[in-house]
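Below: query_19.pdb (PDB, C-alpha atoms, pLDDT in the B column)
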ATOM      1  CA  MET A   1      -2.064  20.929  -8.502  1.00 69.00           C
ATOM      2  CA  ILE A   2      -2.854  17.533  -6.957  1.00 87.00           C
ATOM      3  CA  THR A   3      -1.498  17.127  -3.435  1.00 96.00           C
ATOM      4  CA  LYS A   4       0.866  14.280  -2.570  1.00 98.00           C
ATOM      5  CA  ARG A   5      -0.238  11.897   0.172  1.00 98.00           C
ATOM      6  CA  ILE A   6       1.470  10.377   3.209  1.00 98.00           C
ATOM      7  CA  ILE A   7       0.068   6.958   4.098  1.00 98.00           C
ATOM      8  CA  PRO A   8       1.045   4.861   7.132  1.00 96.00           C
ATOM      9  CA  CYS A   9       0.884   1.124   6.452  1.00 92.00           C
ATOM     10  CA  LEU A  10      -0.369  -1.281   9.098  1.00 91.00           C
ATOM     11  CA  ASP A  11       0.661  -4.888   8.403  1.00 86.00           C
ATOM     12  CA  VAL A  12      -1.594  -7.068  10.540  1.00 85.00           C
ATOM     13  CA  ASP A  13      -0.868 -10.651  11.583  1.00 80.00           C
ATOM     14  CA  LYS A  14      -3.171 -12.501  14.001  1.00 72.00           C
ATOM     15  CA  GLY A  15      -4.825  -9.259  15.104  1.00 72.00           C
ATOM     16  CA  ARG A  16      -1.633  -7.290  15.796  1.00 79.00           C
ATOM     17  CA  VAL A  17       0.343  -4.753  13.757  1.00 78.00           C
ATOM     18  CA  VAL A  18       3.759  -6.199  12.924  1.00 74.00           C
ATOM     19  CA  LYS A  19       6.786  -5.069  10.938  1.00 62.00           C
ATOM     20  CA  GLY A  20       9.524  -7.034   9.265  1.00 53.00           C
ATOM     21  CA  THR A  21      12.397  -6.708   6.821  1.00 56.00           C
ATOM     22  CA  LYS A  22      12.029  -7.895   3.216  1.00 55.00           C
ATOM     23  CA  PHE A  23       8.684  -9.462   4.226  1.00 48.00           C
ATOM     24  CA  GLU A  24      10.373 -11.626   6.917  1.00 52.00           C
ATOM     25  CA  VAL A  25      11.361 -11.531  10.640  1.00 41.00           C
ATOM     26  CA  LEU A  26       8.162  -9.981  11.978  1.00 50.00           C
ATOM     27  CA  LYS A  27       8.208  -7.798  15.109  1.00 48.00           C
ATOM     28  CA  ASP A  28       5.097  -6.968  17.159  1.00 49.00           C
ATOM     29  CA  VAL A  29       4.207  -3.264  17.094  1.00 59.00           C
ATOM     30  CA  SER A  30       0.718  -2.396  18.374  1.00 72.00           C
ATOM     31  CA  ASP A  31      -3.042  -2.873  18.350  1.00 84.00           C
ATOM     32  CA  PRO A  32      -4.259  -1.958  14.826  1.00 87.00           C
ATOM     33  CA  VAL A  33      -7.291   0.095  15.849  1.00 89.00           C
ATOM     34  CA  GLU A  34      -5.386   2.127  18.441  1.00 90.00           C
ATOM     35  CA  LEU A  35      -2.580   2.790  15.967  1.00 90.00           C
ATOM     36  CA  ALA A  36      -5.089   3.799  13.295  1.00 93.00           C
ATOM     37  CA  LYS A  37      -6.682   6.289  15.711  1.00 93.00           C
ATOM     38  CA  PHE A  38      -3.261   7.767  16.446  1.00 93.00           C
ATOM     39  CA  TYR A  39      -2.464   8.263  12.769  1.00 94.00           C
ATOM     40  CA  SER A  40      -5.911   9.670  12.029  1.00 94.00           C
ATOM     41  CA  SER A  41      -5.225  12.464  14.517  1.00 95.00           C
ATOM     42  CA  SER A  42      -1.550  12.898  13.554  1.00 95.00           C
ATOM     43  CA  GLY A  43      -1.849  14.256  10.032  1.00 97.00           C
ATOM     44  CA  ALA A  44      -1.917  11.091   7.911  1.00 98.00           C
ATOM     45  CA  ASP A  45      -3.830  11.515   4.652  1.00 98.00           C
ATOM     46  CA  GLU A  46      -4.939   7.883   4.429  1.00 98.00           C
ATOM     47  CA  LEU A  47      -4.217   4.470   5.958  1.00 97.00           C
ATOM     48  CA  VAL A  48      -3.549   1.048   4.471  1.00 95.00           C
ATOM     49  CA  PHE A  49      -4.183  -2.228   6.300  1.00 92.00           C
ATOM     50  CA  TYR A  50      -2.700  -5.474   5.007  1.00 86.00           C
ATOM     51  CA  ASP A  51      -3.626  -8.834   6.491  1.00 84.00           C
ATOM     52  CA  ILE A  52      -0.202 -10.148   5.527  1.00 68.00           C
ATOM     53  CA  THR A  53      -0.791 -13.865   6.098  1.00 66.00           C
ATOM     54  CA  ALA A  54      -4.416 -14.236   4.958  1.00 55.00           C
ATOM     55  CA  SER A  55      -3.566 -15.151   1.348  1.00 49.00           C
ATOM     56  CA  ASN A  56      -0.809 -17.589   2.224  1.00 49.00           C
ATOM     57  CA  GLU A  57      -2.980 -19.221   4.916  1.00 49.00           C
ATOM     58  CA  ALA A  58      -6.043 -19.186   2.598  1.00 49.00           C
ATOM     59  CA  ARG A  59      -8.297 -17.651   5.245  1.00 49.00           C
ATOM     60  CA  ASN A  60     -10.723 -14.746   5.399  1.00 56.00           C
ATOM     61  CA  ILE A  61      -9.691 -11.202   6.281  1.00 61.00           C
ATOM     62  CA  PHE A  62     -10.136  -9.508   9.687  1.00 77.00           C
ATOM     63  CA  LEU A  63     -13.551  -7.869   9.322  1.00 86.00           C
ATOM     64  CA  GLN A  64     -13.827  -6.984  13.025  1.00 85.00           C
ATOM     65  CA  VAL A  65     -10.701  -4.828  12.782  1.00 86.00           C
ATOM     66  CA  VAL A  66     -12.125  -3.116   9.692  1.00 90.00           C
ATOM     67  CA  GLU A  67     -15.425  -2.350  11.451  1.00 93.00           C
ATOM     68  CA  LYS A  68     -13.733  -0.974  14.573  1.00 91.00           C
ATOM     69  CA  THR A  69     -11.364   1.156  12.499  1.00 92.00           C
ATOM     70  CA  ALA A  70     -14.216   2.626  10.433  1.00 94.00           C
ATOM     71  CA  TYR A  71     -15.914   3.682  13.675  1.00 94.00           C
ATOM     72  CA  GLU A  72     -12.796   5.302  15.129  1.00 93.00           C
ATOM     73  CA  VAL A  73     -11.008   7.084  12.248  1.00 94.00           C
ATOM     74  CA  TYR A  74     -11.960   9.950   9.978  1.00 93.00           C
ATOM     75  CA  ILE A  75      -9.577   9.494   7.060  1.00 97.00           C
ATOM     76  CA  PRO A  76      -9.907   7.084   4.116  1.00 97.00           C
ATOM     77  CA  PHE A  77      -8.422   3.631   4.537  1.00 97.00           C
ATOM     78  CA  THR A  78      -7.658   0.722   2.252  1.00 97.00           C
ATOM     79  CA  VAL A  79      -7.777  -2.949   3.223  1.00 95.00           C
ATOM     80  CA  GLY A  80      -5.975  -5.829   1.532  1.00 91.00           C
ATOM     81  CA  GLY A  81      -4.903  -9.413   2.084  1.00 84.00           C
ATOM     82  CA  GLY A  82      -6.968 -12.557   1.648  1.00 82.00           C
ATOM     83  CA  ILE A  83      -9.479 -10.905  -0.700  1.00 90.00           C
ATOM     84  CA  ARG A  84     -10.332 -13.442  -3.375  1.00 91.00           C
ATOM     85  CA  SER A  85     -13.808 -12.643  -4.707  1.00 94.00           C
ATOM     86  CA  ILE A  86     -16.463 -10.009  -5.342  1.00 97.00           C
ATOM     87  CA  ASP A  87     -18.197 -11.189  -2.192  1.00 96.00           C
ATOM     88  CA  ASP A  88     -15.014 -10.584  -0.162  1.00 93.00           C
ATOM     89  CA  ILE A  89     -14.752  -7.069  -1.578  1.00 96.00           C
ATOM     90  CA  LYS A  90     -18.401  -6.370  -0.744  1.00 96.00           C
ATOM     91  CA  LYS A  91     -17.895  -7.504   2.860  1.00 94.00           C
ATOM     92  CA  VAL A  92     -14.828  -5.308   3.351  1.00 95.00           C
ATOM     93  CA  LEU A  93     -16.487  -2.213   1.868  1.00 97.00           C
ATOM     94  CA  ARG A  94     -19.654  -2.810   3.905  1.00 96.00           C
ATOM     95  CA  ALA A  95     -17.510  -3.133   7.022  1.00 95.00           C
ATOM     96  CA  GLY A  96     -16.370   0.444   6.420  1.00 96.00           C
ATOM     97  CA  ALA A  97     -13.244   0.395   4.245  1.00 97.00           C
ATOM     98  CA  ASP A  98     -13.039   3.062   1.527  1.00 97.00           C
ATOM     99  CA  LYS A  99     -10.930   1.001  -0.860  1.00 98.00           C
ATOM    100  CA  VAL A 100      -9.915  -2.617  -1.341  1.00 97.00           C
ATOM    101  CA  SER A 101      -6.435  -3.739  -2.324  1.00 96.00           C
ATOM    102  CA  LEU A 102      -6.055  -6.767  -4.583  1.00 96.00           C
ATOM    103  CA  ASN A 103      -2.799  -8.635  -5.041  1.00 91.00           C
ATOM    104  CA  SER A 104      -2.493 -12.420  -5.308  1.00 89.00           C
ATOM    105  CA  ALA A 105      -6.139 -12.903  -6.334  1.00 92.00           C
ATOM    106  CA  ALA A 106      -5.799 -10.414  -9.194  1.00 96.00           C
ATOM    107  CA  VAL A 107      -2.675 -12.150 -10.489  1.00 96.00           C
ATOM    108  CA  ASN A 108      -4.480 -15.489 -10.412  1.00 94.00           C
ATOM    109  CA  ASN A 109      -7.661 -14.051 -11.937  1.00 96.00           C
ATOM    110  CA  ALA A 110      -7.099 -10.734 -13.722  1.00 97.00           C
ATOM    111  CA  SER A 111     -10.781 -10.445 -14.634  1.00 97.00           C
ATOM    112  CA  LEU A 112     -11.482  -9.837 -10.923  1.00 98.00           C
ATOM    113  CA  ILE A 113     -10.076  -6.307 -11.359  1.00 98.00           C
ATOM    114  CA  THR A 114     -12.537  -5.489 -14.133  1.00 98.00           C
ATOM    115  CA  GLU A 115     -15.489  -7.127 -12.423  1.00 98.00           C
ATOM    116  CA  ALA A 116     -14.770  -5.274  -9.171  1.00 98.00           C
ATOM    117  CA  ALA A 117     -14.229  -1.923 -10.895  1.00 98.00           C
ATOM    118  CA  LEU A 118     -17.530  -2.236 -12.772  1.00 98.00           C
ATOM    119  CA  LYS A 119     -19.458  -3.219  -9.643  1.00 98.00           C
ATOM    120  CA  PHE A 120     -17.938  -0.863  -7.061  1.00 98.00           C
ATOM    121  CA  GLY A 121     -16.202   1.840  -9.128  1.00 98.00           C
ATOM    122  CA  ASN A 122     -12.514   1.909 -10.011  1.00 96.00           C
ATOM    123  CA  GLN A 123     -11.880   4.508  -7.274  1.00 97.00           C
ATOM    124  CA  CYS A 124     -12.397   1.640  -4.781  1.00 96.00           C
ATOM    125  CA  ILE A 125     -10.050  -0.831  -6.471  1.00 98.00           C
ATOM    126  CA  VAL A 126      -6.343  -0.682  -5.704  1.00 98.00           C
ATOM    127  CA  LEU A 127      -3.838  -3.111  -7.196  1.00 97.00           C
ATOM    128  CA  SER A 128      -0.965  -3.900  -4.858  1.00 95.00           C
ATOM    129  CA  ILE A 129       2.178  -5.132  -6.613  1.00 96.00           C
ATOM    130  CA  ASP A 130       4.888  -6.892  -4.591  1.00 94.00           C
ATOM    131  CA  ALA A 131       7.899  -6.421  -6.859  1.00 96.00           C
ATOM    132  CA  LYS A 132      11.458  -7.696  -6.637  1.00 96.00           C
ATOM    133  CA  ARG A 133      14.334  -7.119  -9.017  1.00 95.00           C
ATOM    134  CA  VAL A 134      15.224 -10.228 -10.990  1.00 95.00           C
ATOM    135  CA  GLY A 135      18.028  -9.626 -13.477  1.00 93.00           C
ATOM    136  CA  GLN A 136      17.376  -6.405 -15.373  1.00 92.00           C
ATOM    137  CA  SER A 137      13.661  -6.159 -14.541  1.00 94.00           C
ATOM    138  CA  TRP A 138      11.223  -6.513 -11.663  1.00 97.00           C
ATOM    139  CA  HIS A 139       9.024  -9.561 -11.179  1.00 97.00           C
ATOM    140  CA  VAL A 140       5.630  -9.720  -9.483  1.00 97.00           C
ATOM    141  CA  PHE A 141       5.576 -11.887  -6.353  1.00 94.00           C
ATOM    142  CA  ILE A 142       2.444 -13.229  -4.638  1.00 88.00           C
ATOM    143  CA  ASN A 143       1.427 -14.962  -1.399  1.00 79.00           C
ATOM    144  CA  GLY A 144       3.139 -12.425   0.839  1.00 74.00           C
ATOM    145  CA  GLY A 145       6.247 -12.214  -1.341  1.00 81.00           C
ATOM    146  CA  ARG A 146       6.843 -15.958  -1.230  1.00 84.00           C
ATOM    147  CA  GLN A 147       6.163 -16.907  -4.853  1.00 91.00           C
ATOM    148  CA  ASP A 148       7.779 -15.479  -7.978  1.00 95.00           C
ATOM    149  CA  THR A 149       5.180 -15.374 -10.775  1.00 96.00           C
ATOM    150  CA  GLY A 150       7.698 -14.458 -13.468  1.00 96.00           C
ATOM    151  CA  ILE A 151       5.374 -11.618 -14.526  1.00 97.00           C
ATOM    152  CA  ASP A 152       7.078  -8.327 -15.410  1.00 97.00           C
ATOM    153  CA  ALA A 153       5.935  -5.730 -12.857  1.00 97.00           C
ATOM    154  CA  VAL A 154       5.882  -2.803 -15.297  1.00 97.00           C
ATOM    155  CA  GLU A 155       3.794  -4.733 -17.826  1.00 97.00           C
ATOM    156  CA  TRP A 156       1.437  -5.904 -15.048  1.00 98.00           C
ATOM    157  CA  ALA A 157       0.944  -2.324 -13.824  1.00 98.00           C
ATOM    158  CA  PHE A 158       0.012  -1.149 -17.315  1.00 97.00           C
ATOM    159  CA  LYS A 159      -2.348  -4.096 -17.819  1.00 97.00           C
ATOM    160  CA  ALA A 160      -4.011  -3.498 -14.442  1.00 98.00           C
ATOM    161  CA  GLU A 161      -4.801   0.078 -15.445  1.00 98.00           C
ATOM    162  CA  THR A 162      -6.442  -1.093 -18.667  1.00 98.00           C
ATOM    163  CA  LEU A 163      -8.446  -3.669 -16.676  1.00 98.00           C
ATOM    164  CA  GLY A 164      -9.874  -0.982 -14.408  1.00 98.00           C
ATOM    165  CA  ALA A 165      -7.619  -0.555 -11.370  1.00 98.00           C
ATOM    166  CA  GLY A 166      -7.933   2.957  -9.973  1.00 98.00           C
ATOM    167  CA  GLU A 167      -4.640   3.086  -8.113  1.00 98.00           C
ATOM    168  CA  LEU A 168      -1.396   1.133  -7.724  1.00 98.00           C
ATOM    169  CA  VAL A 169       0.705   0.380  -4.647  1.00 97.00           C
ATOM    170  CA  LEU A 170       4.283  -0.601  -5.491  1.00 96.00           C
ATOM    171  CA  ASN A 171       5.771  -2.669  -2.680  1.00 92.00           C
ATOM    172  CA  SER A 172       9.508  -3.080  -3.219  1.00 94.00           C
ATOM    173  CA  ILE A 173      10.523  -6.346  -1.561  1.00 92.00           C
ATOM    174  CA  ASP A 174      14.205  -5.431  -1.968  1.00 91.00           C
ATOM    175  CA  ALA A 175      13.741  -2.160  -0.065  1.00 89.00           C
ATOM    176  CA  ASP A 176      11.146  -3.309   2.500  1.00 83.00           C
ATOM    177  CA  GLY A 177      12.217  -2.435   6.053  1.00 78.00           C
ATOM    178  CA  VAL A 178      15.807  -1.681   5.001  1.00 82.00           C
ATOM    179  CA  LYS A 179      15.355   2.102   5.396  1.00 89.00           C
ATOM    180  CA  SER A 180      17.802   2.942   2.624  1.00 93.00           C
ATOM    181  CA  GLY A 181      15.256   4.726   0.435  1.00 96.00           C
ATOM    182  CA  TYR A 182      12.451   3.820  -1.939  1.00 97.00           C
ATOM    183  CA  ASP A 183      13.176   2.009  -5.188  1.00 96.00           C
ATOM    184  CA  ILE A 184      13.277   5.164  -7.290  1.00 97.00           C
ATOM    185  CA  ALA A 185      13.862   3.376 -10.589  1.00 96.00           C
ATOM    186  CA  LEU A 186      10.872   1.074 -10.094  1.00 96.00           C
ATOM    187  CA  ASN A 187       8.529   3.902  -9.134  1.00 97.00           C
ATOM    188  CA  LYS A 188       9.693   6.176 -11.941  1.00 97.00           C
ATOM    189  CA  GLU A 189       9.374   3.438 -14.557  1.00 96.00           C
ATOM    190  CA  ILE A 190       5.814   2.572 -13.601  1.00 97.00           C
ATOM    191  CA  SER A 191       4.676   6.148 -12.880  1.00 97.00           C
ATOM    192  CA  GLU A 192       5.750   7.150 -16.393  1.00 96.00           C
ATOM    193  CA  ASN A 193       3.853   4.234 -17.961  1.00 94.00           C
ATOM    194  CA  VAL A 194       0.447   4.603 -16.278  1.00 97.00           C
ATOM    195  CA  ARG A 195      -2.025   7.433 -15.780  1.00 97.00           C
ATOM    196  CA  ILE A 196      -3.504   6.286 -12.476  1.00 98.00           C
ATOM    197  CA  PRO A 197      -1.962   7.273  -9.107  1.00 97.00           C
ATOM    198  CA  VAL A 198       1.088   5.333  -7.937  1.00 98.00           C
ATOM    199  CA  ILE A 199       1.826   4.828  -4.229  1.00 98.00           C
ATOM    200  CA  ALA A 200       5.458   4.065  -3.388  1.00 98.00           C
ATOM    201  CA  SER A 201       6.068   1.503  -0.636  1.00 96.00           C
ATOM    202  CA  GLY A 202       9.167   0.028   0.949  1.00 93.00           C
ATOM    203  CA  GLY A 203      12.415   1.647   2.046  1.00 93.00           C
ATOM    204  CA  ALA A 204      11.583   4.906   3.846  1.00 95.00           C
ATOM    205  CA  GLY A 205      14.252   5.755   6.408  1.00 96.00           C
ATOM    206  CA  LYS A 206      14.462   9.539   6.488  1.00 97.00           C
ATOM    207  CA  MET A 207      12.540  12.568   5.263  1.00 98.00           C
ATOM    208  CA  GLU A 208      14.766  12.940   2.208  1.00 98.00           C
ATOM    209  CA  ASP A 209      13.590   9.525   0.989  1.00 98.00           C
ATOM    210  CA  PHE A 210      10.029  10.837   0.696  1.00 98.00           C
ATOM    211  CA  LEU A 211      11.243  13.899  -1.205  1.00 98.00           C
ATOM    212  CA  ASP A 212      13.233  11.704  -3.589  1.00 98.00           C
ATOM    213  CA  VAL A 213      10.342   9.392  -4.406  1.00 98.00           C
ATOM    214  CA  PHE A 214       7.990  12.313  -5.041  1.00 98.00           C
ATOM    215  CA  VAL A 215      10.426  14.342  -7.154  1.00 98.00           C
ATOM    216  CA  CYS A 216      12.583  11.673  -8.822  1.00 98.00           C
ATOM    217  CA  GLY A 217      10.339   8.634  -8.544  1.00 98.00           C
ATOM    218  CA  LYS A 218       7.263  10.555  -9.752  1.00 97.00           C
ATOM    219  CA  ALA A 219       5.073   8.865  -7.108  1.00 98.00           C
ATOM    220  CA  ASP A 220       1.707  10.347  -6.167  1.00 98.00           C
ATOM    221  CA  ALA A 221       1.807   9.077  -2.585  1.00 98.00           C
ATOM    222  CA  ALA A 222       4.307   7.499  -0.215  1.00 98.00           C
ATOM    223  CA  LEU A 223       3.518   4.673   2.154  1.00 97.00           C
ATOM    224  CA  ALA A 224       5.684   3.778   5.151  1.00 95.00           C
ATOM    225  CA  ALA A 225       5.536   1.734   8.335  1.00 90.00           C
ATOM    226  CA  SER A 226       8.576   1.449  10.607  1.00 88.00           C
ATOM    227  CA  VAL A 227       9.573   5.109  10.599  1.00 94.00           C
ATOM    228  CA  PHE A 228       6.073   6.062  11.727  1.00 94.00           C
ATOM    229  CA  HIS A 229       5.378   3.121  14.055  1.00 88.00           C
ATOM    230  CA  PHE A 230       8.583   3.653  16.051  1.00 88.00           C
ATOM    231  CA  GLY A 231       8.414   7.458  16.155  1.00 92.00           C
ATOM    232  CA  GLU A 232      11.438   8.049  13.927  1.00 95.00           C
ATOM    233  CA  ILE A 233       9.523  10.481  11.715  1.00 97.00           C
ATOM    234  CA  ASP A 234       6.601  12.673  12.765  1.00 97.00           C
ATOM    235  CA  ILE A 235       4.021  12.943   9.987  1.00 98.00           C
ATOM    236  CA  ARG A 236       3.264  16.629  10.466  1.00 98.00           C
ATOM    237  CA  GLU A 237       6.974  17.488  10.548  1.00 98.00           C
ATOM    238  CA  LEU A 238       7.462  15.409   7.405  1.00 98.00           C
ATOM    239  CA  LYS A 239       4.675  17.210   5.568  1.00 98.00           C
ATOM    240  CA  ASN A 240       6.062  20.598   6.590  1.00 98.00           C
ATOM    241  CA  TYR A 241       9.509  19.539   5.354  1.00 98.00           C
ATOM    242  CA  LEU A 242       8.070  18.433   2.012  1.00 98.00           C
ATOM    243  CA  HIS A 243       6.030  21.626   1.722  1.00 98.00           C
ATOM    244  CA  LEU A 244       9.173  23.725   2.294  1.00 98.00           C
ATOM    245  CA  ASN A 245      10.799  21.729  -0.502  1.00 98.00           C
ATOM    246  CA  LYS A 246       7.983  22.682  -2.873  1.00 97.00           C
ATOM    247  CA  VAL A 247       6.044  19.416  -2.740  1.00 98.00           C
ATOM    248  CA  ASN A 248       2.325  20.169  -2.687  1.00 97.00           C
ATOM    249  CA  MET A 249       0.968  18.718   0.593  1.00 97.00           C
ATOM    250  CA  ARG A 250      -2.275  18.901   2.570  1.00 94.00           C
ATOM    251  CA  LEU A 251      -1.108  20.542   5.810  1.00 92.00           C
TER     252      LEU A 251
END
Entire entry expressed as structure tokens:
Amino acid sequence: MITKRIIPCLDVDKGRVVKGTKFEVLKDVSDPVELAKFYSSSGADELVFYDITASNEARNIFLQVVEKTAYEVYIPFTVGGGIRSIDDIKKVLRAGADKVSLNSAAVNNASLITEAALKFGNQCIVLSIDAKRVGQSWHVFINGGRQDTGIDAVEWAFKAETLGAGELVLNSIDADGVKSGYDIALNKEISENVRIPVIASGGAGKMEDFLDVFVCGKADAALAASVFHFGEIDIRELKNYLHLNKVNMRL
């Protein structure tokens, strides 16, 4: 049986880890490399770094942070934000990242997913979907959640798999930072329509939320920020709790 994964998310803005609510009102948290080292030794299965303003500001990603993190941590990590080309992907992977997360660039140029998967392997290519409920469905948003594309998130997830994405991260804008639980309906809908791993993101507030998204939301991994950054949930305690509730974890 495949083990579920717990993944701390480090949103980076101007060289610092920050955290907000519904992609707004950012609060300074920590130095990204130091926080990554802490999580690497605290039981996290993987890490995700997002340069959350790189796409909107049309600038390059923080390669120095990637290089320093690769030197200091011993678990896989994914980097996203401001990645717009094959050359960008190459630079991030050469700097030491294990995977690259595409979002806005993939929406604007879907062929980038296929080109990247063919060149680097689909295990390296993660599609990050910032989704928000609009009416009876979820729409894909880009540029740090600022722009509604009108694209149906479930259809985009299925298309991304066919294009070559190896993994999906579902960022619920509605649930982000609210700590009232993951968007179970969104995760379940997409998990049941694709065959690649789905990582739930947005809304974790207590240990039961992780259990719900694994059991009811069918997610393969759960990503969280605030509850880990501010010491509200200990990762090893969380994994023991999930294990006791019959979720297969790497302890």
**OP:** Please write the residues picked by the PyMOL selection byres ((chain A and resi 14) around 9) on this file as number ranges by chain.
**Re:** A: 12-13, 15-17, 51, 53, 62
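Checking A:Lys179, A:Arg250, A:Lys119, A:Lys159 one by one against A:Asn193, counting only C-alpha atoms, you find the shortest gap at A:Lys159.
Nearest residue to A:Gly150, choosing from A:Ala116, A:Val107, A:Met249, A:Asp176 and counting only C-alpha atoms: A:Val107.
Nearest residue to A:Gly181, choosing from A:Phe230, A:Phe38, A:Tyr71, A:Phe210 and counting only C-alpha atoms: A:Phe210.
What separates atom CA of A:Ser30 from atom CA of A:Leu10 is a distance of 9.4 Å.
When atom CA of A:Leu63 is paired with atom CA of A:Gly80, their separation reads 11.1 Å.
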Original post:
Which neighbours of stretch 128-133 of chain A fall inside 7 Å, counting all atoms listed in the file, when residues of the same chain fewer than 5 positions from it are skipped, and could you give them as a list in words?
Top reply: Ser101, Leu102, Asn103, Trp138, His139, Val140, Phe141, Ile142, Gly145, Ala153, Leu168, Val169, Leu170, Asn171, Ser172, Ile173 and Asp174 of chain A
Original post:
Nearest to A:Lys37 among A:Glu161, A:Asp209, A:Glu72, A:Glu237, with distances taken over all atoms listed in the file: which residue is it?
Top reply: A:Glu72
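Proximity to A:Ile235 was assessed for A:Asp45, A:Glu155, A:Asp220, A:Asp87 counting all atoms listed in the file; the smallest distance is recorded for A:Asp45.
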**OP:** Report the residues retrieved by the PyMOL selection byres ((chain A and resi 108-111) around 12) from the displayed file, expressed as JSON, numbers by chain.
**Re:** {"A": [55, 83, 84, 85, 86, 102, 103, 104, 105, 106, 107, 112, 113, 114, 115, 116, 117, 118, 127, 140, 141, 142, 143, 149, 151, 156, 157, 159, 160, 161, 162, 163, 164, 165]}
Repair of stretch 176-191 of chain A at the level of N, CA and C atoms, as a compact mmCIF listing (two decimals), in the coordinates of the input:
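As written to disk, selection39.txt reads:
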# COMPACT_ATOMS: atom_id res chain seq x y z
N ASP A 176 12.05 -3.22 1.35
CA ASP A 176 11.15 -3.31 2.50
C ASP A 176 11.89 -3.40 3.83
N GLY A 177 11.65 -2.43 4.71
CA GLY A 177 12.22 -2.44 6.05
C GLY A 177 13.69 -2.12 6.15
N VAL A 178 14.35 -1.90 5.00
CA VAL A 178 15.81 -1.68 5.00
C VAL A 178 16.15 -0.23 5.36
N LYS A 179 15.21 0.68 5.07
CA LYS A 179 15.36 2.10 5.40
C LYS A 179 16.50 2.78 4.65
N SER A 180 16.75 2.32 3.43
CA SER A 180 17.80 2.94 2.62
C SER A 180 17.21 3.70 1.44
N GLY A 181 15.91 3.96 1.50
CA GLY A 181 15.26 4.73 0.44
C GLY A 181 14.35 3.86 -0.42
N TYR A 182 13.36 4.51 -1.03
CA TYR A 182 12.45 3.82 -1.94
C TYR A 182 13.19 3.38 -3.20
N ASP A 183 12.62 2.43 -3.90
CA ASP A 183 13.18 2.01 -5.19
C ASP A 183 12.75 3.05 -6.22
N ILE A 184 13.61 4.04 -6.42
CA ILE A 184 13.28 5.16 -7.29
C ILE A 184 13.08 4.71 -8.73
N ALA A 185 13.95 3.83 -9.20
CA ALA A 185 13.86 3.38 -10.59
C ALA A 185 12.54 2.67 -10.86
N LEU A 186 12.13 1.80 -9.94
CA LEU A 186 10.87 1.07 -10.09
C LEU A 186 9.69 2.03 -10.14
N ASN A 187 9.65 2.96 -9.19
CA ASN A 187 8.53 3.90 -9.13
C ASN A 187 8.49 4.83 -10.34
N LYS A 188 9.63 5.29 -10.78
CA LYS A 188 9.69 6.18 -11.94
C LYS A 188 9.23 5.44 -13.20
N GLU A 189 9.72 4.22 -13.37
CA GLU A 189 9.37 3.44 -14.56
C GLU A 189 7.86 3.22 -14.67
N ILE A 190 7.25 2.84 -13.56
CA ILE A 190 5.81 2.57 -13.60
C ILE A 190 5.00 3.87 -13.64
N SER A 191 5.41 4.87 -12.88
CA SER A 191 4.68 6.15 -12.88
C SER A 191 4.63 6.77 -14.27
